[in-house]
Amino acid sequence: MLVRDAMSTVVLTIGPTHTLRQAAALMSARRVGAAVVHDPDAGGIGILTERDILNSVGLGQNPDTEHAHDHTTTDVVFAAPTWTLEEAASAMAHGGFRHLIVLDGGEPAGIVSVRDIIRCWAPIRQRVPA
């Protein structure tokens, strides 16, 4: 199975000046765990994850004044839609992260998460009548 078969095509893109609260609200509304941060001034595409927001709040930082660009991962590992799920899982395990931005033709086409991969690999549970 390939990344394109598992990835979410719902890509939340935010700007570098979004506050962490704004980012969290958008992520929550879209039910996603990561946002692509498009920052042409800082070299292009980065990723802000729920963990990044949690770490900031855990440090006592104010989510209303902290901006996405200060918490964005910019040395991103990108996946291609043609990667196997094994390749994606290996990259995640090696890098210690849970999301990969999927680029197709240099543009974000989706995000694949550990959860997406597990859904593909785990057998579908069937409900047993009670």
# chains A, B, ... in the order shown; residues from 1 in each chain; ligands from 1
>>> residues_around(residues="Ala88 (chain A)", least_positions_apart="5", cutoff="12 Å", atoms="only C-alpha atoms", output="PDB file with all heavy atoms, in the first residue's frame")
ATOM      1  N   MET A   1       0.846  -1.169   0.000  1.00  0.00           N
ATOM      2  CA  MET A   1       0.000   0.000   0.000  1.00  0.00           C
ATOM      3  C   MET A   1       0.896   1.238   0.000  1.00  0.00           C
ATOM      4  O   MET A   1       1.946   1.248   0.625  1.00  0.00           O
ATOM      5  CB  MET A   1      -0.914  -0.031   1.213  1.00  0.00           C
ATOM      6  CG  MET A   1      -1.958   1.062   1.182  1.00  0.00           C
ATOM      7  SD  MET A   1      -3.253   0.831   2.416  1.00  0.00           S
ATOM      8  CE  MET A   1      -4.391  -0.136   1.479  1.00  0.00           C
ATOM      9  N   LEU A   2       0.451   2.272  -0.665  1.00  0.00           N
ATOM     10  CA  LEU A   2       1.235   3.487  -0.821  1.00  0.00           C
ATOM     11  C   LEU A   2       0.720   4.622   0.055  1.00  0.00           C
ATOM     12  O   LEU A   2      -0.440   4.607   0.496  1.00  0.00           O
ATOM     13  CB  LEU A   2       1.220   3.932  -2.287  1.00  0.00           C
ATOM     14  CG  LEU A   2       1.743   2.926  -3.306  1.00  0.00           C
ATOM     15  CD1 LEU A   2       1.623   3.482  -4.716  1.00  0.00           C
ATOM     16  CD2 LEU A   2       3.177   2.537  -2.998  1.00  0.00           C
ATOM     17  N   VAL A   3       1.578   5.601   0.249  1.00  0.00           N
ATOM     18  CA  VAL A   3       1.215   6.776   1.050  1.00  0.00           C
ATOM     19  C   VAL A   3      -0.043   7.429   0.499  1.00  0.00           C
ATOM     20  O   VAL A   3      -0.927   7.836   1.252  1.00  0.00           O
ATOM     21  CB  VAL A   3       2.399   7.774   1.116  1.00  0.00           C
ATOM     22  CG1 VAL A   3       1.949   9.136   1.591  1.00  0.00           C
ATOM     23  CG2 VAL A   3       3.502   7.233   2.019  1.00  0.00           C
ATOM     24  N   ARG A   4      -0.174   7.521  -0.821  1.00  0.00           N
ATOM     25  CA  ARG A   4      -1.347   8.175  -1.411  1.00  0.00           C
ATOM     26  C   ARG A   4      -2.648   7.480  -1.017  1.00  0.00           C
ATOM     27  O   ARG A   4      -3.710   8.084  -1.015  1.00  0.00           O
ATOM     28  CB  ARG A   4      -1.215   8.292  -2.920  1.00  0.00           C
ATOM     29  CG  ARG A   4      -1.469   7.026  -3.668  1.00  0.00           C
ATOM     30  CD  ARG A   4      -1.619   7.276  -5.175  1.00  0.00           C
ATOM     31  NE  ARG A   4      -0.885   6.270  -5.896  1.00  0.00           N
ATOM     32  CZ  ARG A   4       0.171   6.485  -6.646  1.00  0.00           C
ATOM     33  NH1 ARG A   4       0.640   7.685  -6.781  1.00  0.00           N
ATOM     34  NH2 ARG A   4       0.770   5.488  -7.253  1.00  0.00           N
ATOM     35  N   ALA A   6      -3.213   6.170   1.965  1.00  0.00           N
ATOM     36  CA  ALA A   6      -3.459   6.347   3.400  1.00  0.00           C
ATOM     37  C   ALA A   6      -3.554   7.802   3.831  1.00  0.00           C
ATOM     38  O   ALA A   6      -4.151   8.103   4.849  1.00  0.00           O
ATOM     39  CB  ALA A   6      -2.331   5.680   4.192  1.00  0.00           C
ATOM     40  N   MET A   7      -2.955   8.705   3.057  1.00  0.00           N
ATOM     41  CA  MET A   7      -2.835  10.097   3.498  1.00  0.00           C
ATOM     42  C   MET A   7      -4.181  10.801   3.548  1.00  0.00           C
ATOM     43  O   MET A   7      -5.124  10.445   2.848  1.00  0.00           O
ATOM     44  CB  MET A   7      -1.892  10.866   2.575  1.00  0.00           C
ATOM     45  CG  MET A   7      -2.461  11.161   1.207  1.00  0.00           C
ATOM     46  SD  MET A   7      -1.232  12.009   0.183  1.00  0.00           S
ATOM     47  CE  MET A   7      -2.260  12.519  -1.189  1.00  0.00           C
ATOM     48  N   VAL A  77      10.977  16.341   6.937  1.00  0.00           N
ATOM     49  CA  VAL A  77      11.121  15.199   6.037  1.00  0.00           C
ATOM     50  C   VAL A  77       9.802  15.097   5.282  1.00  0.00           C
ATOM     51  O   VAL A  77       8.739  14.999   5.892  1.00  0.00           O
ATOM     52  CB  VAL A  77      11.397  13.897   6.830  1.00  0.00           C
ATOM     53  CG1 VAL A  77      11.415  12.695   5.893  1.00  0.00           C
ATOM     54  CG2 VAL A  77      12.694  14.015   7.611  1.00  0.00           C
ATOM     55  N   PHE A  78       9.890  15.165   3.981  1.00  0.00           N
ATOM     56  CA  PHE A  78       8.696  15.087   3.148  1.00  0.00           C
ATOM     57  C   PHE A  78       8.566  13.685   2.564  1.00  0.00           C
ATOM     58  O   PHE A  78       9.563  13.030   2.282  1.00  0.00           O
ATOM     59  CB  PHE A  78       8.772  16.094   1.994  1.00  0.00           C
ATOM     60  CG  PHE A  78       8.812  17.523   2.451  1.00  0.00           C
ATOM     61  CD1 PHE A  78      10.001  18.232   2.464  1.00  0.00           C
ATOM     62  CD2 PHE A  78       7.660  18.159   2.873  1.00  0.00           C
ATOM     63  CE1 PHE A  78      10.054  19.546   2.874  1.00  0.00           C
ATOM     64  CE2 PHE A  78       7.693  19.481   3.290  1.00  0.00           C
ATOM     65  CZ  PHE A  78       8.893  20.178   3.297  1.00  0.00           C
ATOM     66  N   ALA A  79       7.329  13.267   2.376  1.00  0.00           N
ATOM     67  CA  ALA A  79       7.052  11.986   1.736  1.00  0.00           C
ATOM     68  C   ALA A  79       6.529  12.251   0.332  1.00  0.00           C
ATOM     69  O   ALA A  79       5.981  13.318   0.048  1.00  0.00           O
ATOM     70  CB  ALA A  79       6.014  11.198   2.532  1.00  0.00           C
ATOM     71  N   ALA A  80       6.678  11.263  -0.514  1.00  0.00           N
ATOM     72  CA  ALA A  80       6.069  11.295  -1.845  1.00  0.00           C
ATOM     73  C   ALA A  80       4.846  10.389  -1.817  1.00  0.00           C
ATOM     74  O   ALA A  80       4.806   9.414  -1.062  1.00  0.00           O
ATOM     75  CB  ALA A  80       7.065  10.801  -2.894  1.00  0.00           C
ATOM     76  N   PRO A  81       3.850  10.698  -2.629  1.00  0.00           N
ATOM     77  CA  PRO A  81       2.656   9.843  -2.658  1.00  0.00           C
ATOM     78  C   PRO A  81       2.967   8.406  -3.058  1.00  0.00           C
ATOM     79  O   PRO A  81       2.212   7.498  -2.729  1.00  0.00           O
ATOM     80  CB  PRO A  81       1.745  10.500  -3.698  1.00  0.00           C
ATOM     81  CG  PRO A  81       2.335  11.811  -4.029  1.00  0.00           C
ATOM     82  CD  PRO A  81       3.744  11.827  -3.541  1.00  0.00           C
ATOM     83  N   THR A  82       4.086   8.206  -3.730  1.00  0.00           N
ATOM     84  CA  THR A  82       4.452   6.871  -4.208  1.00  0.00           C
ATOM     85  C   THR A  82       5.294   6.075  -3.220  1.00  0.00           C
ATOM     86  O   THR A  82       5.651   4.931  -3.498  1.00  0.00           O
ATOM     87  CB  THR A  82       5.214   6.983  -5.541  1.00  0.00           C
ATOM     88  OG1 THR A  82       6.339   7.849  -5.355  1.00  0.00           O
ATOM     89  CG2 THR A  82       4.309   7.533  -6.635  1.00  0.00           C
ATOM     90  N   TRP A  83       5.624   6.688  -2.063  1.00  0.00           N
ATOM     91  CA  TRP A  83       6.323   5.917  -1.026  1.00  0.00           C
ATOM     92  C   TRP A  83       5.416   4.791  -0.555  1.00  0.00           C
ATOM     93  O   TRP A  83       4.188   4.936  -0.515  1.00  0.00           O
ATOM     94  CB  TRP A  83       6.623   6.787   0.177  1.00  0.00           C
ATOM     95  CG  TRP A  83       7.828   7.655   0.088  1.00  0.00           C
ATOM     96  CD1 TRP A  83       8.503   8.033  -1.021  1.00  0.00           C
ATOM     97  CD2 TRP A  83       8.469   8.287   1.199  1.00  0.00           C
ATOM     98  NE1 TRP A  83       9.538   8.868  -0.657  1.00  0.00           N
ATOM     99  CE2 TRP A  83       9.532   9.036   0.686  1.00  0.00           C
ATOM    100  CE3 TRP A  83       8.226   8.291   2.568  1.00  0.00           C
ATOM    101  CZ2 TRP A  83      10.373   9.788   1.509  1.00  0.00           C
ATOM    102  CZ3 TRP A  83       9.059   9.035   3.388  1.00  0.00           C
ATOM    103  CH2 TRP A  83      10.130   9.768   2.859  1.00  0.00           C
ATOM    104  N   ALA A  93       9.723   6.643  12.347  1.00  0.00           N
ATOM    105  CA  ALA A  93      10.422   6.005  13.468  1.00  0.00           C
ATOM    106  C   ALA A  93      11.842   6.541  13.593  1.00  0.00           C
ATOM    107  O   ALA A  93      12.307   6.829  14.703  1.00  0.00           O
ATOM    108  CB  ALA A  93      10.441   4.487  13.284  1.00  0.00           C
ATOM    109  N   HIS A  94      12.523   6.689  12.486  1.00  0.00           N
ATOM    110  CA  HIS A  94      13.901   7.188  12.492  1.00  0.00           C
ATOM    111  C   HIS A  94      13.968   8.631  12.969  1.00  0.00           C
ATOM    112  O   HIS A  94      14.867   9.012  13.717  1.00  0.00           O
ATOM    113  CB  HIS A  94      14.513   7.062  11.089  1.00  0.00           C
ATOM    114  CG  HIS A  94      15.945   7.474  11.039  1.00  0.00           C
ATOM    115  ND1 HIS A  94      16.327   8.726  10.629  1.00  0.00           N
ATOM    116  CD2 HIS A  94      17.081   6.811  11.359  1.00  0.00           C
ATOM    117  CE1 HIS A  94      17.645   8.822  10.702  1.00  0.00           C
ATOM    118  NE2 HIS A  94      18.124   7.671  11.135  1.00  0.00           N
ATOM    119  N   GLY A  95      13.009   9.458  12.544  1.00  0.00           N
ATOM    120  CA  GLY A  95      13.017  10.877  12.899  1.00  0.00           C
ATOM    121  C   GLY A  95      12.321  11.210  14.204  1.00  0.00           C
ATOM    122  O   GLY A  95      12.450  12.325  14.714  1.00  0.00           O
ATOM    123  N   GLY A  96      11.547  10.264  14.740  1.00  0.00           N
ATOM    124  CA  GLY A  96      10.854  10.504  15.998  1.00  0.00           C
ATOM    125  C   GLY A  96       9.672  11.459  15.877  1.00  0.00           C
ATOM    126  O   GLY A  96       9.398  12.236  16.780  1.00  0.00           O
ATOM    127  N   PHE A  97       8.968  11.392  14.759  1.00  0.00           N
ATOM    128  CA  PHE A  97       7.793  12.246  14.571  1.00  0.00           C
ATOM    129  C   PHE A  97       6.616  11.420  14.082  1.00  0.00           C
ATOM    130  O   PHE A  97       6.785  10.260  13.707  1.00  0.00           O
ATOM    131  CB  PHE A  97       8.085  13.420  13.626  1.00  0.00           C
ATOM    132  CG  PHE A  97       8.869  13.048  12.400  1.00  0.00           C
ATOM    133  CD1 PHE A  97       8.253  12.469  11.300  1.00  0.00           C
ATOM    134  CD2 PHE A  97      10.233  13.271  12.343  1.00  0.00           C
ATOM    135  CE1 PHE A  97       8.974  12.130  10.173  1.00  0.00           C
ATOM    136  CE2 PHE A  97      10.968  12.934  11.210  1.00  0.00           C
ATOM    137  CZ  PHE A  97      10.332  12.361  10.129  1.00  0.00           C
ATOM    138  N   ARG A  98       5.421  12.033  14.106  1.00  0.00           N
ATOM    139  CA  ARG A  98       4.199  11.290  13.811  1.00  0.00           C
ATOM    140  C   ARG A  98       3.473  11.738  12.554  1.00  0.00           C
ATOM    141  O   ARG A  98       2.436  11.182  12.218  1.00  0.00           O
ATOM    142  CB  ARG A  98       3.238  11.394  14.994  1.00  0.00           C
ATOM    143  CG  ARG A  98       3.805  10.778  16.264  1.00  0.00           C
ATOM    144  CD  ARG A  98       2.874  10.927  17.425  1.00  0.00           C
ATOM    145  NE  ARG A  98       2.741  12.339  17.763  1.00  0.00           N
ATOM    146  CZ  ARG A  98       1.758  12.866  18.472  1.00  0.00           C
ATOM    147  NH1 ARG A  98       0.808  12.091  18.938  1.00  0.00           N
ATOM    148  NH2 ARG A  98       1.716  14.142  18.734  1.00  0.00           N
ATOM    149  N   HIS A  99       3.986  12.768  11.885  1.00  0.00           N
ATOM    150  CA  HIS A  99       3.333  13.282  10.680  1.00  0.00           C
ATOM    151  C   HIS A  99       4.366  13.529   9.587  1.00  0.00           C
ATOM    152  O   HIS A  99       5.475  13.987   9.875  1.00  0.00           O
ATOM    153  CB  HIS A  99       2.633  14.617  10.958  1.00  0.00           C
ATOM    154  CG  HIS A  99       1.561  14.537  11.981  1.00  0.00           C
ATOM    155  ND1 HIS A  99       1.804  14.671  13.333  1.00  0.00           N
ATOM    156  CD2 HIS A  99       0.227  14.345  11.860  1.00  0.00           C
ATOM    157  CE1 HIS A  99       0.662  14.563  13.991  1.00  0.00           C
ATOM    158  NE2 HIS A  99      -0.301  14.353  13.122  1.00  0.00           N
ATOM    159  N   LEU A 100       3.975  13.256   8.363  1.00  0.00           N
ATOM    160  CA  LEU A 100       4.788  13.585   7.195  1.00  0.00           C
ATOM    161  C   LEU A 100       3.938  14.390   6.229  1.00  0.00           C
ATOM    162  O   LEU A 100       2.808  13.997   5.912  1.00  0.00           O
ATOM    163  CB  LEU A 100       5.244  12.323   6.462  1.00  0.00           C
ATOM    164  CG  LEU A 100       6.334  11.468   7.083  1.00  0.00           C
ATOM    165  CD1 LEU A 100       6.447  10.141   6.340  1.00  0.00           C
ATOM    166  CD2 LEU A 100       7.655  12.205   7.039  1.00  0.00           C
ATOM    167  N   ILE A 101       4.479  15.509   5.771  1.00  0.00           N
ATOM    168  CA  ILE A 101       3.826  16.258   4.701  1.00  0.00           C
ATOM    169  C   ILE A 101       4.122  15.516   3.405  1.00  0.00           C
ATOM    170  O   ILE A 101       5.265  15.160   3.140  1.00  0.00           O
ATOM    171  CB  ILE A 101       4.343  17.699   4.626  1.00  0.00           C
ATOM    172  CG1 ILE A 101       4.058  18.446   5.927  1.00  0.00           C
ATOM    173  CG2 ILE A 101       3.725  18.433   3.433  1.00  0.00           C
ATOM    174  CD1 ILE A 101       4.707  19.819   6.011  1.00  0.00           C
ATOM    175  N   VAL A 102       3.092  15.300   2.617  1.00  0.00           N
ATOM    176  CA  VAL A 102       3.232  14.609   1.344  1.00  0.00           C
ATOM    177  C   VAL A 102       3.284  15.668   0.242  1.00  0.00           C
ATOM    178  O   VAL A 102       2.355  16.465   0.101  1.00  0.00           O
ATOM    179  CB  VAL A 102       2.071  13.628   1.096  1.00  0.00           C
ATOM    180  CG1 VAL A 102       2.262  12.893  -0.223  1.00  0.00           C
ATOM    181  CG2 VAL A 102       1.935  12.648   2.264  1.00  0.00           C
ATOM    182  N   ILE A 111      -1.216  14.917   4.151  1.00  0.00           N
ATOM    183  CA  ILE A 111      -0.414  14.593   5.325  1.00  0.00           C
ATOM    184  C   ILE A 111      -0.720  13.149   5.681  1.00  0.00           C
ATOM    185  O   ILE A 111      -1.883  12.728   5.664  1.00  0.00           O
ATOM    186  CB  ILE A 111      -0.734  15.524   6.519  1.00  0.00           C
ATOM    187  CG1 ILE A 111      -0.278  16.944   6.212  1.00  0.00           C
ATOM    188  CG2 ILE A 111      -0.080  15.005   7.801  1.00  0.00           C
ATOM    189  CD1 ILE A 111      -0.447  17.939   7.346  1.00  0.00           C
ATOM    190  N   VAL A 112       0.321  12.405   5.975  1.00  0.00           N
ATOM    191  CA  VAL A 112       0.134  11.037   6.439  1.00  0.00           C
ATOM    192  C   VAL A 112       0.636  10.978   7.877  1.00  0.00           C
ATOM    193  O   VAL A 112       1.684  11.522   8.207  1.00  0.00           O
ATOM    194  CB  VAL A 112       0.836   9.997   5.525  1.00  0.00           C
ATOM    195  CG1 VAL A 112       2.333  10.144   5.533  1.00  0.00           C
ATOM    196  CG2 VAL A 112       0.400   8.588   5.866  1.00  0.00           C
ATOM    197  N   SER A 113      -0.154  10.355   8.724  1.00  0.00           N
ATOM    198  CA  SER A 113       0.184  10.256  10.141  1.00  0.00           C
ATOM    199  C   SER A 113       0.349   8.791  10.527  1.00  0.00           C
ATOM    200  O   SER A 113      -0.042   7.886   9.784  1.00  0.00           O
ATOM    201  CB  SER A 113      -0.919  10.878  10.999  1.00  0.00           C
ATOM    202  OG  SER A 113      -2.096  10.089  10.942  1.00  0.00           O
ATOM    203  N   VAL A 114       0.907   8.601  11.697  1.00  0.00           N
ATOM    204  CA  VAL A 114       1.016   7.251  12.238  1.00  0.00           C
ATOM    205  C   VAL A 114      -0.372   6.620  12.297  1.00  0.00           C
ATOM    206  O   VAL A 114      -0.552   5.448  11.947  1.00  0.00           O
ATOM    207  CB  VAL A 114       1.682   7.273  13.635  1.00  0.00           C
ATOM    208  CG1 VAL A 114       1.579   5.922  14.308  1.00  0.00           C
ATOM    209  CG2 VAL A 114       3.130   7.705  13.520  1.00  0.00           C
ATOM    210  N   ARG A 115      -1.349   7.385  12.712  1.00  0.00           N
ATOM    211  CA  ARG A 115      -2.723   6.872  12.802  1.00  0.00           C
ATOM    212  C   ARG A 115      -3.222   6.401  11.441  1.00  0.00           C
ATOM    213  O   ARG A 115      -3.887   5.360  11.338  1.00  0.00           O
ATOM    214  CB  ARG A 115      -3.645   7.940  13.375  1.00  0.00           C
ATOM    215  CG  ARG A 115      -5.086   7.457  13.496  1.00  0.00           C
ATOM    216  CD  ARG A 115      -5.954   8.489  14.153  1.00  0.00           C
ATOM    217  NE  ARG A 115      -5.579   8.552  15.556  1.00  0.00           N
ATOM    218  CZ  ARG A 115      -5.878   9.545  16.360  1.00  0.00           C
ATOM    219  NH1 ARG A 115      -6.552  10.571  15.918  1.00  0.00           N
ATOM    220  NH2 ARG A 115      -5.519   9.529  17.611  1.00  0.00           N
ATOM    221  N   ASP A 116      -2.922   7.161  10.385  1.00  0.00           N
ATOM    222  CA  ASP A 116      -3.338   6.754   9.038  1.00  0.00           C
ATOM    223  C   ASP A 116      -2.733   5.403   8.661  1.00  0.00           C
ATOM    224  O   ASP A 116      -3.410   4.543   8.091  1.00  0.00           O
ATOM    225  CB  ASP A 116      -2.914   7.800   8.002  1.00  0.00           C
ATOM    226  CG  ASP A 116      -3.584   9.149   8.194  1.00  0.00           C
ATOM    227  OD1 ASP A 116      -4.748   9.184   8.633  1.00  0.00           O
ATOM    228  OD2 ASP A 116      -2.923  10.163   7.893  1.00  0.00           O
ATOM    229  N   ILE A 117      -1.458   5.239   8.985  1.00  0.00           N
ATOM    230  CA  ILE A 117      -0.774   3.987   8.654  1.00  0.00           C
ATOM    231  C   ILE A 117      -1.358   2.829   9.450  1.00  0.00           C
ATOM    232  O   ILE A 117      -1.617   1.756   8.904  1.00  0.00           O
ATOM    233  CB  ILE A 117       0.746   4.131   8.881  1.00  0.00           C
ATOM    234  CG1 ILE A 117       1.316   5.138   7.862  1.00  0.00           C
ATOM    235  CG2 ILE A 117       1.441   2.781   8.771  1.00  0.00           C
ATOM    236  CD1 ILE A 117       2.754   5.537   8.111  1.00  0.00           C
ATOM    237  N   ILE A 118      -1.608   3.054  10.733  1.00  0.00           N
ATOM    238  CA  ILE A 118      -2.191   1.996  11.570  1.00  0.00           C
ATOM    239  C   ILE A 118      -3.551   1.582  11.030  1.00  0.00           C
ATOM    240  O   ILE A 118      -3.876   0.392  10.991  1.00  0.00           O
ATOM    241  CB  ILE A 118      -2.281   2.450  13.042  1.00  0.00           C
ATOM    242  CG1 ILE A 118      -0.874   2.526  13.632  1.00  0.00           C
ATOM    243  CG2 ILE A 118      -3.175   1.513  13.854  1.00  0.00           C
ATOM    244  CD1 ILE A 118      -0.812   3.182  14.996  1.00  0.00           C
TER     245      ILE A 118
END
>>> select_by_dssp(residues="region 91-127 of chain A", states="helix (DSSP H, G or I)", output="PyMOL selection string")
chain A and resi 91-95+114-121
>>> write_last_selection(atoms="N, CA and C atoms", output="PDB file, in the first residue's frame")
ATOM      1  N   ALA A  91      10.631   6.319   8.115  1.00  0.00           N
ATOM      2  CA  ALA A  91      11.052   7.721   8.243  1.00  0.00           C
ATOM      3  C   ALA A  91      10.549   8.310   9.555  1.00  0.00           C
ATOM      4  N   MET A  92       9.307   8.010   9.916  1.00  0.00           N
ATOM      5  CA  MET A  92       8.742   8.515  11.173  1.00  0.00           C
ATOM      6  C   MET A  92       9.482   7.940  12.373  1.00  0.00           C
ATOM      7  N   ALA A  93       9.723   6.643  12.347  1.00  0.00           N
ATOM      8  CA  ALA A  93      10.422   6.005  13.468  1.00  0.00           C
ATOM      9  C   ALA A  93      11.842   6.541  13.593  1.00  0.00           C
ATOM     10  N   HIS A  94      12.523   6.689  12.486  1.00  0.00           N
ATOM     11  CA  HIS A  94      13.901   7.188  12.492  1.00  0.00           C
ATOM     12  C   HIS A  94      13.968   8.631  12.969  1.00  0.00           C
ATOM     13  N   GLY A  95      13.009   9.458  12.544  1.00  0.00           N
ATOM     14  CA  GLY A  95      13.017  10.877  12.899  1.00  0.00           C
ATOM     15  C   GLY A  95      12.321  11.210  14.204  1.00  0.00           C
ATOM     16  N   VAL A 114       0.907   8.601  11.697  1.00  0.00           N
ATOM     17  CA  VAL A 114       1.016   7.251  12.238  1.00  0.00           C
ATOM     18  C   VAL A 114      -0.372   6.620  12.297  1.00  0.00           C
ATOM     19  N   ARG A 115      -1.349   7.385  12.712  1.00  0.00           N
ATOM     20  CA  ARG A 115      -2.723   6.872  12.802  1.00  0.00           C
ATOM     21  C   ARG A 115      -3.222   6.401  11.441  1.00  0.00           C
ATOM     22  N   ASP A 116      -2.922   7.161  10.385  1.00  0.00           N
ATOM     23  CA  ASP A 116      -3.338   6.754   9.038  1.00  0.00           C
ATOM     24  C   ASP A 116      -2.733   5.403   8.661  1.00  0.00           C
ATOM     25  N   ILE A 117      -1.458   5.239   8.985  1.00  0.00           N
ATOM     26  CA  ILE A 117      -0.774   3.987   8.654  1.00  0.00           C
ATOM     27  C   ILE A 117      -1.358   2.829   9.450  1.00  0.00           C
ATOM     28  N   ILE A 118      -1.608   3.054  10.733  1.00  0.00           N
ATOM     29  CA  ILE A 118      -2.191   1.996  11.570  1.00  0.00           C
ATOM     30  C   ILE A 118      -3.551   1.582  11.030  1.00  0.00           C
ATOM     31  N   ARG A 119      -4.355   2.558  10.606  1.00  0.00           N
ATOM     32  CA  ARG A 119      -5.676   2.230  10.045  1.00  0.00           C
ATOM     33  C   ARG A 119      -5.550   1.297   8.844  1.00  0.00           C
ATOM     34  N   CYS A 120      -4.522   1.515   8.058  1.00  0.00           N
ATOM     35  CA  CYS A 120      -4.337   0.660   6.872  1.00  0.00           C
ATOM     36  C   CYS A 120      -3.810  -0.721   7.233  1.00  0.00           C
ATOM     37  N   TRP A 121      -2.965  -0.769   8.233  1.00  0.00           N
ATOM     38  CA  TRP A 121      -2.344  -2.041   8.604  1.00  0.00           C
ATOM     39  C   TRP A 121      -3.190  -2.895   9.533  1.00  0.00           C
TER      40      TRP A 121
END
>>> atom_distance(atom1="CA of Thr65 (chain A)", atom2="CA of Ala24 (chain A)")
13.0 Å
>>> select_by_dssp(residues="chain A", states="strand (DSSP E)", output="JSON, numbers by chain")
{"A": [13, 14, 34, 35, 36, 37, 38, 39, 44, 45, 46, 47, 48, 49, 78, 79, 99, 100, 101, 102, 103, 104, 107, 108, 109, 110, 111, 112, 113]}
>>> atom_distance(atom1="CA of Ala23 (chain A)", atom2="CA of Asp104 (chain A)")
24.2 Å
>>> closest_residue(among="A:Gly46, A:Ser8, A:Asp52, A:Ala109", to="Val32 (chain A)", atoms="only C-alpha atoms")
A:Ser8
>>> atom_distance(atom1="CA of Ala122 (chain A)", atom2="CA of Pro108 (chain A)")
26.4 Å
>>> residues_around(residues="Asn62 (chain A)", least_positions_apart="3", cutoff="9 Å", atoms="only C-alpha atoms", output="PyMOL selection string")
chain A and resi 20-21+56-57+65-66
>>> closest_residue(among="A:Ala89, A:Ala35, A:Ala29, A:Val76", to="Ile53 (chain A)", atoms="only C-alpha atoms")
A:Ala35
>>> closest_residue(among="A:Thr49, A:Gln61, A:Ser90, A:Asn55", to="Thr74 (chain A)", atoms="only C-alpha atoms")
A:Thr49
>>> closest_residue(among="A:Gly15, A:Gln22, A:Pro63, A:Arg30", to="Ile47 (chain A)", atoms="only C-alpha atoms")
A:Gly15
>>> residues_around(residues="Asp41 (chain A)", least_positions_apart="2", cutoff="12 Å", atoms="only C-alpha atoms", output="list in words")
Gly15, Pro16, Thr17, Val37, His38, Asp39, Gly43, Gly44, Ile45, Gly46 and His69 of chain A
>>> decode(residues="region 102-128 of chain A", atoms="C-alpha atoms", output="JSON list (two decimals), in the first residue's frame")
[["chain", "number", "residue", "atom", "x", "y", "z"],
["A", 102, "VAL", "CA", 3.23, 14.61, 1.34],
["A", 103, "LEU", "CA", 4.55, 16.63, -1.59],
["A", 104, "ASP", "CA", 3.42, 16.08, -5.14],
["A", 105, "GLY", "CA", 5.14, 18.27, -7.70],
["A", 106, "GLY", "CA", 6.64, 20.37, -4.90],
["A", 107, "GLU", "CA", 3.23, 21.25, -3.43],
["A", 108, "PRO", "CA", 1.55, 19.82, -0.31],
["A", 109, "ALA", "CA", -0.89, 17.14, -1.44],
["A", 110, "GLY", "CA", -1.66, 15.66, 1.94],
["A", 111, "ILE", "CA", -0.41, 14.59, 5.32],
["A", 112, "VAL", "CA", 0.13, 11.04, 6.44],
["A", 113, "SER", "CA", 0.18, 10.26, 10.14],
["A", 114, "VAL", "CA", 1.02, 7.25, 12.24],
["A", 115, "ARG", "CA", -2.72, 6.87, 12.80],
["A", 116, "ASP", "CA", -3.34, 6.75, 9.04],
["A", 117, "ILE", "CA", -0.77, 3.99, 8.65],
["A", 118, "ILE", "CA", -2.19, 2.00, 11.57],
["A", 119, "ARG", "CA", -5.68, 2.23, 10.04],
["A", 120, "CYS", "CA", -4.34, 0.66, 6.87],
["A", 121, "TRP", "CA", -2.34, -2.04, 8.60],
["A", 122, "ALA", "CA", -4.80, -3.02, 11.34],
["A", 123, "PRO", "CA", -7.53, -5.47, 10.45],
["A", 124, "ILE", "CA", -10.95, -3.92, 10.30],
["A", 125, "ARG", "CA", -12.84, -4.77, 13.46],
["A", 126, "GLN", "CA", -16.25, -6.21, 12.94],
["A", 127, "ARG", "CA", -18.93, -5.67, 15.48],
["A", 128, "VAL", "CA", -20.04, -8.78, 17.20]]
